[in-house]
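Okay, run.txt now, which holds compact mmCIF, C-alpha atoms (C1' of nucleotides):
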```txt
# COMPACT_ATOMS: atom_id res chain seq x y z
CA MET S 1 -7.15 10.53 -71.83
CA ALA S 2 -9.66 7.83 -72.43
CA PRO S 3 -8.07 4.46 -73.24
CA ALA S 4 -8.96 3.96 -76.85
CA ALA S 5 -9.28 7.55 -78.02
CA THR S 6 -6.40 7.98 -80.38
CA ARG S 7 -7.38 10.08 -83.36
CA SER S 8 -11.12 10.71 -83.37
CA ARG S 9 -12.69 13.52 -81.39
CA ARG S 10 -15.05 11.18 -79.61
CA PRO S 11 -13.30 8.19 -78.07
CA ARG S 12 -13.53 5.16 -80.34
CA LEU S 13 -15.94 2.56 -79.06
CA ARG S 14 -14.12 -0.32 -77.45
CA THR S 15 -14.92 -3.68 -78.99
CA VAL S 16 -16.34 -5.01 -75.73
CA GLU S 17 -18.72 -2.10 -75.36
CA LEU S 18 -19.71 -2.43 -79.00
CA ALA S 19 -20.48 -6.11 -78.39
CA GLU S 20 -22.49 -5.40 -75.25
CA ARG S 21 -24.61 -2.72 -76.84
CA LEU S 22 -25.08 -4.65 -80.07
CA HIS S 23 -26.22 -7.67 -78.08
CA SER S 24 -28.61 -5.62 -76.04
CA ALA S 25 -30.04 -3.86 -79.08
CA ALA S 26 -30.66 -7.14 -80.90
CA LEU S 27 -32.32 -8.54 -77.79
CA HIS S 28 -34.64 -5.58 -77.40
CA LEU S 29 -35.46 -5.41 -81.09
CA LEU S 30 -36.56 -9.04 -81.26
CA ARG S 31 -38.42 -8.84 -77.97
CA ARG S 32 -40.46 -6.04 -79.45
CA LEU S 33 -41.11 -7.73 -82.78
CA ARG S 34 -42.07 -10.97 -81.03
CA ARG S 35 -45.34 -9.37 -79.98
CA GLU S 36 -46.54 -9.69 -83.59
CA ASP S 37 -46.34 -13.49 -83.35
CA ASP S 38 -49.50 -13.81 -81.29
CA ALA S 39 -51.50 -13.36 -84.47
CA SER S 40 -50.07 -16.57 -85.92
CA GLY S 41 -51.85 -18.67 -83.31
CA LEU S 42 -48.78 -20.89 -83.10
CA PRO S 43 -46.60 -21.34 -79.98
CA ALA S 44 -43.14 -19.80 -80.28
CA PRO S 45 -41.17 -23.07 -80.48
CA GLN S 46 -43.36 -24.36 -83.32
CA LEU S 47 -43.09 -21.05 -85.16
CA SER S 48 -39.31 -21.08 -84.81
CA ALA S 49 -38.99 -24.64 -86.06
CA LEU S 50 -41.36 -23.94 -88.95
CA SER S 51 -39.16 -21.02 -89.92
CA VAL S 52 -36.12 -23.25 -90.18
CA ILE S 53 -38.12 -25.78 -92.21
CA VAL S 54 -39.52 -23.20 -94.61
CA PHE S 55 -36.21 -21.43 -95.26
CA GLY S 56 -33.95 -24.46 -94.95
CA GLY S 57 -35.93 -26.64 -97.28
CA PRO S 58 -36.51 -30.34 -96.50
CA ILE S 59 -34.39 -31.00 -93.43
CA THR S 60 -33.74 -34.09 -91.35
CA LEU S 61 -35.07 -34.21 -87.79
CA GLY S 62 -31.53 -34.40 -86.43
CA ASP S 63 -30.39 -31.30 -88.29
CA LEU S 64 -33.53 -29.51 -87.19
CA ALA S 65 -32.88 -30.44 -83.56
CA ARG S 66 -29.33 -29.05 -83.87
CA ALA S 67 -30.60 -25.88 -85.54
CA GLU S 68 -33.14 -25.37 -82.77
CA GLN S 69 -30.61 -26.32 -80.12
CA VAL S 70 -32.83 -28.94 -78.54
CA ARG S 71 -32.67 -32.72 -78.15
CA PRO S 72 -34.09 -35.15 -80.73
CA PRO S 73 -37.16 -36.19 -78.69
CA THR S 74 -38.21 -32.56 -78.38
CA ILE S 75 -38.21 -32.09 -82.15
CA SER S 76 -39.87 -35.45 -82.66
CA LYS S 77 -42.89 -34.37 -80.63
CA LEU S 78 -42.95 -30.86 -82.01
CA ILE S 79 -43.14 -32.21 -85.55
CA VAL S 80 -46.10 -34.38 -84.53
CA HIS S 81 -47.94 -31.18 -83.63
CA LEU S 82 -46.94 -29.30 -86.78
CA GLU S 83 -47.94 -32.31 -88.85
CA ALA S 84 -51.31 -32.61 -87.10
CA LYS S 85 -51.96 -28.97 -87.95
CA GLY S 86 -51.16 -29.63 -91.60
CA LEU S 87 -48.19 -27.28 -91.64
CA VAL S 88 -45.44 -29.79 -92.47
CA ASP S 89 -45.11 -33.19 -94.16
CA ARG S 90 -42.74 -36.04 -93.41
CA VAL S 91 -40.70 -37.18 -96.38
CA ALA S 92 -38.93 -40.52 -96.42
CA ASP S 93 -35.33 -40.63 -97.55
CA ALA S 94 -34.81 -42.94 -100.51
CA SER S 95 -31.25 -44.02 -99.82
CA ASP S 96 -31.33 -44.20 -96.02
CA ARG S 97 -34.51 -45.46 -94.51
CA ARG S 98 -33.60 -44.29 -91.02
CA VAL S 99 -33.79 -40.61 -91.76
CA VAL S 100 -36.96 -38.58 -91.81
CA ARG S 101 -37.08 -35.27 -93.58
CA VAL S 102 -39.73 -32.63 -93.06
CA LYS S 103 -40.89 -30.02 -95.51
CA ALA S 104 -43.42 -27.25 -95.14
CA THR S 105 -46.83 -27.60 -96.71
CA LYS S 106 -48.34 -24.75 -98.67
CA ARG S 107 -50.35 -23.78 -95.61
CA GLY S 108 -47.23 -23.91 -93.42
CA THR S 109 -45.29 -21.75 -95.82
CA LYS S 110 -48.08 -19.20 -96.03
CA LEU S 111 -48.57 -19.10 -92.26
CA LEU S 112 -44.88 -18.47 -91.76
CA HIS S 113 -44.57 -15.84 -94.46
CA ASP S 114 -47.59 -13.98 -93.12
CA GLY S 115 -46.09 -13.95 -89.64
CA ARG S 116 -42.73 -12.87 -90.93
CA GLN S 117 -44.43 -10.07 -92.80
CA ARG S 118 -46.12 -8.80 -89.67
CA ARG S 119 -42.76 -8.62 -87.92
CA VAL S 120 -41.15 -6.90 -90.88
CA ALA S 121 -44.04 -4.45 -91.15
CA ALA S 122 -43.54 -3.45 -87.53
CA LEU S 123 -39.86 -2.90 -88.22
CA VAL S 124 -40.57 -0.97 -91.40
CA ALA S 125 -42.74 1.37 -89.38
CA SER S 126 -39.81 2.15 -87.09
CA LEU S 127 -37.35 2.52 -89.95
CA SER S 128 -39.67 4.80 -91.86
CA ALA S 129 -39.70 7.21 -88.97
CA LEU S 130 -35.94 7.65 -89.23
CA PRO S 131 -34.28 10.48 -91.13
CA PRO S 132 -33.01 9.12 -94.47
CA SER S 133 -29.40 9.64 -93.46
CA GLU S 134 -29.77 7.32 -90.49
CA ARG S 135 -31.53 4.73 -92.57
CA ALA S 136 -28.68 4.92 -95.09
CA LEU S 137 -26.13 4.50 -92.32
CA LEU S 138 -27.93 1.40 -91.13
CA ALA S 139 -28.03 0.06 -94.68
CA ARG S 140 -24.27 0.54 -95.07
CA ALA S 141 -23.56 -1.27 -91.81
CA LEU S 142 -25.97 -4.10 -92.62
CA PRO S 143 -23.53 -6.33 -94.55
CA VAL S 144 -21.10 -6.18 -91.65
CA LEU S 145 -23.86 -7.17 -89.26
CA GLU S 146 -24.86 -10.03 -91.53
CA GLY S 147 -21.27 -11.16 -91.57
CA ILE S 148 -20.93 -11.51 -87.83
CA SER S 149 -24.42 -12.97 -87.52
CA GLY S 150 -23.57 -15.87 -89.75
CA THR S 151 -26.51 -14.99 -91.95
CA ALA S 152 -25.96 -17.24 -94.94
CA GLN S 153 -27.51 -15.22 -97.74
CA ALA S 154 -30.65 -13.45 -96.77
CA GLN S 155 -34.03 -14.90 -95.84
CA MET I 1 -34.14 0.83 -113.90
CA ALA I 2 -34.54 -0.59 -110.46
CA PRO I 3 -37.37 1.06 -108.50
CA ALA I 4 -35.46 2.96 -105.85
CA ALA I 5 -32.17 3.60 -107.63
CA THR I 6 -32.23 7.30 -108.21
CA ARG I 7 -28.83 8.82 -107.65
CA SER I 8 -26.42 6.29 -106.20
CA ARG I 9 -24.54 3.84 -108.40
CA ARG I 10 -25.80 0.83 -106.48
CA PRO I 11 -29.55 0.90 -105.98
CA ARG I 12 -30.46 2.28 -102.60
CA LEU I 13 -31.76 -0.41 -100.26
CA ARG I 14 -35.51 -0.28 -100.02
CA THR I 15 -36.81 0.09 -96.48
CA VAL I 16 -38.65 -3.23 -96.65
CA GLU I 17 -35.52 -5.09 -97.71
CA LEU I 18 -33.54 -3.32 -95.02
CA ALA I 19 -36.13 -4.43 -92.46
CA GLU I 20 -36.13 -8.02 -93.70
CA ARG I 21 -32.37 -8.37 -93.64
CA LEU I 22 -32.00 -6.57 -90.32
CA HIS I 23 -34.60 -8.86 -88.79
CA SER I 24 -32.90 -11.93 -90.16
CA ALA I 25 -29.46 -10.81 -89.01
CA ALA I 26 -30.68 -10.14 -85.47
CA LEU I 27 -32.38 -13.54 -85.41
CA HIS I 28 -29.26 -15.38 -86.55
CA LEU I 29 -26.98 -13.44 -84.24
CA LEU I 30 -28.99 -14.27 -81.14
CA ARG I 31 -29.51 -17.86 -82.19
CA ARG I 32 -25.76 -18.23 -82.32
CA LEU I 33 -25.08 -16.48 -79.02
CA ARG I 34 -27.78 -18.52 -77.29
CA ARG I 35 -25.52 -21.54 -77.41
CA GLU I 36 -23.45 -19.98 -74.64
CA ASP I 37 -26.41 -20.14 -72.26
CA ASP I 38 -26.09 -23.87 -71.66
CA ALA I 39 -23.24 -23.14 -69.29
CA SER I 40 -25.57 -21.23 -66.95
CA GLY I 41 -27.48 -24.39 -66.12
CA LEU I 42 -30.72 -22.38 -66.17
CA PRO I 43 -33.63 -22.93 -68.60
CA ALA I 44 -34.08 -20.14 -71.14
CA PRO I 45 -37.34 -18.70 -69.71
CA GLN I 46 -35.82 -18.44 -66.23
CA LEU I 47 -32.66 -16.85 -67.62
CA SER I 48 -34.68 -14.33 -69.57
CA ALA I 49 -36.81 -13.38 -66.58
CA LEU I 50 -33.74 -13.12 -64.37
CA SER I 51 -32.23 -10.73 -66.89
CA VAL I 52 -35.22 -8.42 -66.64
CA ILE I 53 -35.09 -8.59 -62.84
CA VAL I 54 -31.37 -7.88 -62.65
CA PHE I 55 -31.40 -4.96 -65.07
CA GLY I 56 -34.85 -3.64 -64.23
CA GLY I 57 -34.33 -3.56 -60.50
CA PRO I 58 -37.09 -4.69 -58.11
CA ILE I 59 -40.10 -5.24 -60.33
CA THR I 60 -43.68 -6.30 -59.64
CA LEU I 61 -44.84 -9.69 -60.90
CA GLY I 62 -47.37 -8.05 -63.19
CA ASP I 63 -44.78 -5.83 -64.82
CA LEU I 64 -42.47 -8.80 -65.19
CA ALA I 65 -45.23 -10.81 -66.87
CA ARG I 66 -45.80 -7.95 -69.32
CA ALA I 67 -42.06 -7.62 -69.99
CA GLU I 68 -41.79 -11.33 -70.68
CA GLN I 69 -45.00 -11.30 -72.70
CA VAL I 70 -46.60 -14.09 -70.70
CA ARG I 71 -49.63 -14.36 -68.37
CA PRO I 72 -49.41 -13.76 -64.62
CA PRO I 73 -49.68 -17.44 -63.58
CA THR I 74 -46.68 -18.30 -65.74
CA ILE I 75 -44.50 -15.74 -63.99
CA SER I 76 -45.87 -16.75 -60.62
CA LYS I 77 -44.61 -20.30 -61.01
CA LEU I 78 -41.37 -19.27 -62.66
CA ILE I 79 -40.52 -17.06 -59.70
CA VAL I 80 -41.13 -20.01 -57.36
CA HIS I 81 -38.34 -21.84 -59.16
CA LEU I 82 -35.94 -18.89 -59.23
CA GLU I 83 -36.62 -18.33 -55.54
CA ALA I 84 -36.03 -22.00 -54.71
CA LYS I 85 -32.65 -21.75 -56.43
CA GLY I 86 -31.77 -18.71 -54.35
CA LEU I 87 -31.52 -16.41 -57.36
CA VAL I 88 -34.28 -13.95 -56.46
CA ASP I 89 -36.09 -12.69 -53.36
CA ARG I 90 -39.67 -11.58 -52.93
CA VAL I 91 -40.07 -8.13 -51.47
CA ALA I 92 -43.33 -6.93 -49.98
CA ASP I 93 -44.63 -3.54 -51.00
CA ALA I 94 -45.12 -1.21 -48.03
CA SER I 95 -47.97 0.89 -49.33
CA ASP I 96 -49.92 -1.76 -51.28
CA ARG I 97 -50.01 -5.17 -49.70
CA ARG I 98 -51.32 -6.86 -52.85
CA VAL I 99 -48.19 -6.35 -54.89
CA VAL I 100 -45.13 -8.55 -54.76
CA ARG I 101 -41.82 -7.30 -56.02
CA VAL I 102 -38.85 -9.48 -56.89
CA LYS I 103 -35.21 -8.55 -56.77
CA ALA I 104 -32.13 -10.55 -57.71
CA THR I 105 -29.94 -11.99 -54.97
CA LYS I 106 -26.18 -11.64 -55.14
CA ARG I 107 -25.98 -15.15 -56.56
CA GLY I 108 -28.65 -14.38 -59.13
CA THR I 109 -26.90 -11.23 -60.22
CA LYS I 110 -23.57 -13.03 -60.56
CA LEU I 111 -25.07 -15.93 -62.46
CA LEU I 112 -26.68 -13.55 -64.92
CA HIS I 113 -23.62 -11.39 -65.40
CA ASP I 114 -21.42 -14.42 -65.97
CA GLY I 115 -23.80 -15.70 -68.62
CA ARG I 116 -24.07 -12.32 -70.25
CA GLN I 117 -20.30 -12.14 -70.33
CA ARG I 118 -20.06 -15.47 -72.13
CA ARG I 119 -22.45 -14.21 -74.81
CA VAL I 120 -20.56 -10.95 -75.14
CA ALA I 121 -17.21 -12.76 -75.30
CA ALA I 122 -18.48 -14.85 -78.21
CA LEU I 123 -19.56 -11.67 -79.97
CA VAL I 124 -16.29 -9.92 -79.21
CA ALA I 125 -14.47 -12.80 -80.88
CA SER I 126 -16.46 -12.22 -84.08
CA LEU I 127 -16.02 -8.45 -83.95
CA SER I 128 -12.28 -8.73 -83.36
CA ALA I 129 -11.92 -10.65 -86.60
CA LEU I 130 -13.33 -7.72 -88.55
CA PRO I 131 -11.18 -5.10 -90.25
CA PRO I 132 -11.19 -1.95 -88.09
CA SER I 133 -13.05 0.01 -90.74
CA GLU I 134 -15.99 -2.38 -90.61
CA ARG I 135 -16.01 -2.33 -86.84
CA ALA I 136 -16.06 1.45 -86.95
CA LEU I 137 -18.95 1.40 -89.41
CA LEU I 138 -20.89 -0.84 -87.06
CA ALA I 139 -20.12 1.47 -84.16
CA ARG I 140 -21.43 4.48 -86.07
CA ALA I 141 -24.66 2.69 -86.94
CA LEU I 142 -25.14 1.39 -83.40
CA PRO I 143 -27.03 4.40 -81.98
CA VAL I 144 -29.51 4.19 -84.84
CA LEU I 145 -30.01 0.51 -84.15
CA GLU I 146 -30.51 1.23 -80.47
CA GLY I 147 -33.08 3.83 -81.39
CA ILE I 148 -35.30 1.50 -83.36
CA SER I 149 -34.79 -1.30 -80.84
CA GLY I 150 -36.24 0.73 -78.05
CA THR I 151 -33.10 0.12 -76.02
CA ALA I 152 -33.60 2.52 -73.14
CA GLN I 153 -30.03 3.40 -72.27
CA ALA I 154 -27.68 0.48 -72.53
CA GLN I 155 -27.47 -2.55 -70.27
C1' DT E 1 -22.82 -62.38 -90.20
C1' DC E 2 -21.72 -59.90 -86.36
C1' DT E 3 -20.55 -55.53 -84.25
C1' DG E 4 -20.77 -50.77 -83.64
C1' DA E 5 -22.65 -46.46 -84.92
C1' DT E 6 -26.50 -43.53 -86.33
C1' DA E 7 -31.61 -41.72 -86.78
C1' DG E 8 -35.76 -41.56 -84.61
C1' DT E 9 -39.17 -42.89 -81.24
C1' DT E 10 -41.20 -44.19 -76.77
C1' DA E 11 -41.65 -43.72 -71.81
C1' DC E 12 -41.55 -40.80 -68.11
C1' DC E 13 -40.40 -36.85 -65.64
C1' DT E 14 -40.11 -31.50 -64.85
C1' DT E 15 -40.96 -26.82 -66.54
C1' DA E 16 -43.56 -23.46 -69.30
C1' DG E 17 -47.59 -21.80 -71.13
C1' DC E 18 -52.60 -21.08 -71.11
C1' DT E 19 -57.70 -20.14 -69.13
C1' DA E 20 -60.87 -20.11 -65.38
C1' DA E 21 -61.77 -19.46 -60.84
C1' DC E 22 -60.27 -18.01 -56.57
C1' DT E 23 -58.35 -14.84 -52.34
C1' DA E 24 -56.80 -10.55 -50.65
C1' DA E 25 -56.34 -5.84 -50.78
C1' DT E 26 -57.46 -1.28 -52.58
C1' DA E 27 -60.41 2.47 -54.21
C1' DG E 28 -64.59 4.62 -54.84
C1' DT E 29 -69.16 5.65 -53.53
C1' DA E 30 -73.84 5.58 -51.79
C1' DT T 1 -69.81 2.83 -42.71
C1' DA T 2 -70.87 -0.80 -45.82
C1' DC T 3 -71.33 -2.04 -50.53
C1' DT T 4 -69.30 -2.53 -55.14
C1' DA T 5 -65.90 -2.75 -58.50
C1' DT T 6 -61.13 -3.11 -59.63
C1' DT T 7 -56.56 -4.80 -59.22
C1' DA T 8 -52.51 -8.15 -57.87
C1' DG T 9 -51.36 -12.66 -57.30
C1' DT T 10 -52.28 -17.49 -56.60
C1' DT T 11 -54.41 -22.12 -57.26
C1' DA T 12 -56.31 -25.80 -60.18
C1' DG T 13 -56.12 -28.25 -64.19
C1' DC T 14 -54.95 -28.71 -68.75
C1' DT T 15 -51.52 -28.97 -73.10
C1' DA T 16 -46.89 -28.14 -75.02
C1' DA T 17 -41.86 -28.00 -74.49
C1' DG T 18 -37.81 -29.48 -72.50
C1' DG T 19 -34.80 -33.17 -70.66
C1' DT T 20 -32.63 -38.26 -69.89
C1' DA T 21 -32.79 -43.18 -70.45
C1' DA T 22 -33.95 -46.92 -72.98
C1' DC T 23 -35.66 -48.77 -77.09
C1' DT T 24 -36.21 -50.09 -82.49
C1' DA T 25 -34.58 -49.90 -87.07
C1' DT T 26 -31.22 -49.21 -90.29
C1' DC T 27 -26.69 -48.71 -92.08
C1' DA T 28 -21.54 -49.37 -92.56
C1' DG T 29 -17.52 -52.16 -91.84
C1' DA T 30 -14.77 -55.98 -90.53
```

Entire entry expressed as structure tokens:
Amino acid sequence: MAPAATRSRRPRLRTVELAERLHSAALHLLRRLRREDDASGLPAPQLSALSVIVFGGPITLGDLARAEQVRPPTISKLIVHLEAKGLVDRVADASDRRVVRVKATKRGTKLLHDGRQRRVAALVASLSALPPSERALLARALPVLEGISGTAQAQ
Amino acid sequence: MAPAATRSRRPRLRTVELAERLHSAALHLLRRLRREDDASGLPAPQLSALSVIVFGGPITLGDLARAEQVRPPTISKLIVHLEAKGLVDRVADASDRRVVRVKATKRGTKLLHDGRQRRVAALVASLSALPPSERALLARALPVLEGISGTAQAQ
DNA sequence: TCTGATAGTTACCTTAGCTAACTAATAGTA
DNA sequence: TACTATTAGTTAGCTAAGGTAACTATCAGA
């Protein structure tokens, strides 16, 4: 008998296989949706950083570097570009004059939301093609997925 | 009454909201798992290309460029680096002498599998902390997720 | 006030991405 | 057969993204 098959007809999915397939599915899903980003006219690293800035509110450069998993000088230069394009503003900290915060401008926020919408629209198209029962199953599993993803609230 | 709440007690998740939250969850999940890649000692673009080469078998440079959503010259140079590190080999095509195929070396395959394993191990840790019922729910929804992700078989 | 720690920036290097222009090979066709 | 067009990759030359090392400015404590 298969290792983990105890009570169900079909052997229960081992946790490792679940992890592997979940990882792979997430990878493929985002790879597909990434194609929509061309329309934004912004390089991927700038788009990613802008996303953190828009959703995370005014954020210090250090925190942004940690969020993007890059070194401080990388963020420093990236912000120069985003600022030059009028997508973010630097905001001085009142109590600590070392820190620099960045916040999205109206244009930056709009650019990001438009791009996000294109990605979501592509995903909606796929979801709409599903039978309602499968869509419902996905909806029930969503909170669990959000839990392991460390998704704070939504976004 | 809420727009889509027709029969269920809690309003049924609208497809757009499902798409938004699914997108966000996938984004956060991979952002978290990406931290494990430092240990590979390989830059992200090279790691990503190597993944396609390992799982996609010998592949032409053009197909690889399309898979990675970059232009041919980008892949051309990237392969120079992977080759210099002994992670991939160029293979000439017998019938068409224009095309160049690349395949992973033993070292390249091992490096990729080790890295993949680190990512999966991090995910397994999260999944193991879940109550079995939630893990089972995720497992049931997995095939649906794979369907919309365009995940060919597994990987 | 001095000392150490922290936040960013600057300098300088490699890698990653692009377009344009090129070589080499293939396929079709007069 | 030779001429043309197409296709696969590469080279050249640029900007952006990544890193480390070294720097400035500020803050927090002793």

Quiz item: S:Ala49, S:Leu78, S:Val99, S:Ala26: which is nearest chain E, counting all atoms listed in the file?
Solution: S:Val99

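The space between CA of Ser48 in chain S and CA of Ile53 in chain I spans 25.6 Å.
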
Quiz item: Do you know which residues lie at most 10 Å from (-50.8, -22.0, -54.1), with coordinates as in the file and only C-alpha atoms (C1' of nucleotides) counted, and could you write them as JSON, numbers by chain?
Solution: {"I": [76, 77], "T": [9, 10, 11, 12]}

What are the closest atom pairs, with distances in Å to one decimal, for all residues of chain I lying within 7 Å of chain E? Consider all atoms listed in the file, order rows by chain and residue number, and present the result as a tab-separated table.
```
residue	atom	partner	partner_atom	distance
I:Thr74	CA	E:DG17	C1'	6.5
I:Arg97	CA	E:DA25	C1'	6.5
I:Arg98	CA	E:DA25	C1'	5.5
```

Could you give me, as a Markdown table, a per-residue list for chain T showing, wherever an atom lies at most 12 Å from an atom of chain S, the closest pair of atoms and their distance in Å to one decimal, using all atoms listed in the file and sorting by chain then residue number from low to high?
```
| residue | atom | partner | partner_atom | distance |
| --- | --- | --- | --- | --- |
| T:DT15 | C1' | S:His81 | CA | 11.3 |
| T:DA16 | C1' | S:Pro43 | CA | 8.4 |
| T:DA17 | C1' | S:Thr74 | CA | 7.0 |
| T:DG18 | C1' | S:Thr74 | CA | 6.6 |
| T:DG19 | C1' | S:Arg71 | CA | 7.8 |
| T:DT20 | C1' | S:Arg71 | CA | 9.9 |
| T:DA21 | C1' | S:Pro73 | CA | 11.7 |
| T:DT24 | C1' | S:Arg98 | CA | 10.6 |
| T:DA25 | C1' | S:Arg98 | CA | 6.9 |
| T:DT26 | C1' | S:Arg98 | CA | 5.5 |
| T:DC27 | C1' | S:Asp96 | CA | 7.6 |
| T:DA28 | C1' | S:Asp96 | CA | 11.6 |
```

Quiz prompt | Expected answer as a ChimeraX atom specification: chain S residues within 9 Å of chain I, all atoms listed in the file | solution = /S:12-13,15-16,18-35,67-69,116-117,119-124,126-128,130,134-142,144-151,154-155

Might you pull out every residue within 10 Å of range 50-52 of chain I, with all atoms listed in the file counted and same-chain residues fewer than 4 positions away left off, and present them as an mmCIF file with C-alpha atoms, in the frame of the given file?
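To be explicit, this is the file written out as out_21.cif:
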```cif
data_model
loop_
_atom_site.group_PDB
_atom_site.id
_atom_site.type_symbol
_atom_site.label_atom_id
_atom_site.label_comp_id
_atom_site.auth_asym_id
_atom_site.auth_seq_id
_atom_site.Cartn_x
_atom_site.Cartn_y
_atom_site.Cartn_z
ATOM 1 C CA LEU I 42 -30.720 -22.380 -66.170
ATOM 2 C CA ALA I 44 -34.080 -20.140 -71.140
ATOM 3 C CA PRO I 45 -37.340 -18.700 -69.710
ATOM 4 C CA GLN I 46 -35.820 -18.440 -66.230
ATOM 5 C CA GLY I 56 -34.850 -3.640 -64.230
ATOM 6 C CA GLY I 57 -34.330 -3.560 -60.500
ATOM 7 C CA PRO I 58 -37.090 -4.690 -58.110
ATOM 8 C CA ILE I 59 -40.100 -5.240 -60.330
ATOM 9 C CA LEU I 64 -42.470 -8.800 -65.190
ATOM 10 C CA ALA I 67 -42.060 -7.620 -69.990
ATOM 11 C CA GLU I 68 -41.790 -11.330 -70.680
ATOM 12 C CA LEU I 78 -41.370 -19.270 -62.660
ATOM 13 C CA ILE I 79 -40.520 -17.060 -59.700
ATOM 14 C CA LEU I 82 -35.940 -18.890 -59.230
ATOM 15 C CA LEU I 87 -31.520 -16.410 -57.360
ATOM 16 C CA VAL I 88 -34.280 -13.950 -56.460
ATOM 17 C CA VAL I 102 -38.850 -9.480 -56.890
ATOM 18 C CA LYS I 103 -35.210 -8.550 -56.770
ATOM 19 C CA ALA I 104 -32.130 -10.550 -57.710
ATOM 20 C CA GLY I 108 -28.650 -14.380 -59.130
ATOM 21 C CA THR I 109 -26.900 -11.230 -60.220
ATOM 22 C CA LEU I 111 -25.070 -15.930 -62.460
ATOM 23 C CA LEU I 112 -26.680 -13.550 -64.920
ATOM 24 C CA HIS I 113 -23.620 -11.390 -65.400
ATOM 25 C CA GLY I 115 -23.800 -15.700 -68.620
ATOM 26 C CA ARG I 116 -24.070 -12.320 -70.250
#
```

Range 11-29 of chain T, all listed atoms, 3 Å padding on each side: what axis-aligned box centre and edge lengths in Å to one decimal come out, as AutoDock Vina command-line options?
```
--center_x -36.9 --center_y -37.1 --center_z -74.9 --size_x 44.8 --size_y 36.0 --size_z 41.3
```

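You will find CA of Asp89 in chain I at 27.6 Å from C1' of DG13 in chain T.
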
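Between CA of Ser40 in chain S and CA of Arg118 in chain S lies a distance of 9.5 Å.
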
How would range 113-124 of chain S read, as a PDB file, in the coordinates of the input, once N, CA and C atoms are built in?
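Output (selection-v4.pdb):
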```pdb
ATOM      1  N   HIS S 113     -44.840 -17.083 -93.738  1.00  0.00           N
ATOM      2  CA  HIS S 113     -44.570 -15.840 -94.460  1.00  0.00           C
ATOM      3  C   HIS S 113     -45.455 -14.706 -93.963  1.00  0.00           C
ATOM      4  N   ASP S 114     -46.703 -15.015 -93.649  1.00  0.00           N
ATOM      5  CA  ASP S 114     -47.590 -13.980 -93.120  1.00  0.00           C
ATOM      6  C   ASP S 114     -47.058 -13.445 -91.794  1.00  0.00           C
ATOM      7  N   GLY S 115     -46.621 -14.359 -90.934  1.00  0.00           N
ATOM      8  CA  GLY S 115     -46.090 -13.950 -89.640  1.00  0.00           C
ATOM      9  C   GLY S 115     -44.830 -13.125 -89.780  1.00  0.00           C
ATOM     10  N   ARG S 116     -43.971 -13.598 -90.676  1.00  0.00           N
ATOM     11  CA  ARG S 116     -42.730 -12.870 -90.930  1.00  0.00           C
ATOM     12  C   ARG S 116     -43.046 -11.455 -91.414  1.00  0.00           C
ATOM     13  N   GLN S 117     -44.061 -11.373 -92.252  1.00  0.00           N
ATOM     14  CA  GLN S 117     -44.430 -10.070 -92.800  1.00  0.00           C
ATOM     15  C   GLN S 117     -44.923  -9.118 -91.728  1.00  0.00           C
ATOM     16  N   ARG S 118     -45.655  -9.657 -90.766  1.00  0.00           N
ATOM     17  CA  ARG S 118     -46.120  -8.800 -89.670  1.00  0.00           C
ATOM     18  C   ARG S 118     -44.940  -8.239 -88.896  1.00  0.00           C
ATOM     19  N   ARG S 119     -43.948  -9.096 -88.630  1.00  0.00           N
ATOM     20  CA  ARG S 119     -42.760  -8.620 -87.920  1.00  0.00           C
ATOM     21  C   ARG S 119     -42.048  -7.547 -88.743  1.00  0.00           C
ATOM     22  N   VAL S 120     -41.869  -7.840 -90.013  1.00  0.00           N
ATOM     23  CA  VAL S 120     -41.150  -6.900 -90.880  1.00  0.00           C
ATOM     24  C   VAL S 120     -41.917  -5.583 -90.973  1.00  0.00           C
ATOM     25  N   ALA S 121     -43.233  -5.666 -91.053  1.00  0.00           N
ATOM     26  CA  ALA S 121     -44.040  -4.450 -91.150  1.00  0.00           C
ATOM     27  C   ALA S 121     -43.831  -3.574 -89.928  1.00  0.00           C
ATOM     28  N   ALA S 122     -43.757  -4.211 -88.758  1.00  0.00           N
ATOM     29  CA  ALA S 122     -43.540  -3.450 -87.530  1.00  0.00           C
ATOM     30  C   ALA S 122     -42.180  -2.762 -87.570  1.00  0.00           C
ATOM     31  N   LEU S 123     -41.205  -3.462 -88.130  1.00  0.00           N
ATOM     32  CA  LEU S 123     -39.860  -2.900 -88.220  1.00  0.00           C
ATOM     33  C   LEU S 123     -39.801  -1.795 -89.265  1.00  0.00           C
ATOM     34  N   VAL S 124     -40.509  -1.997 -90.357  1.00  0.00           N
ATOM     35  CA  VAL S 124     -40.570  -0.970 -91.400  1.00  0.00           C
ATOM     36  C   VAL S 124     -41.132   0.317 -90.842  1.00  0.00           C
TER      37      VAL S 124
END
```
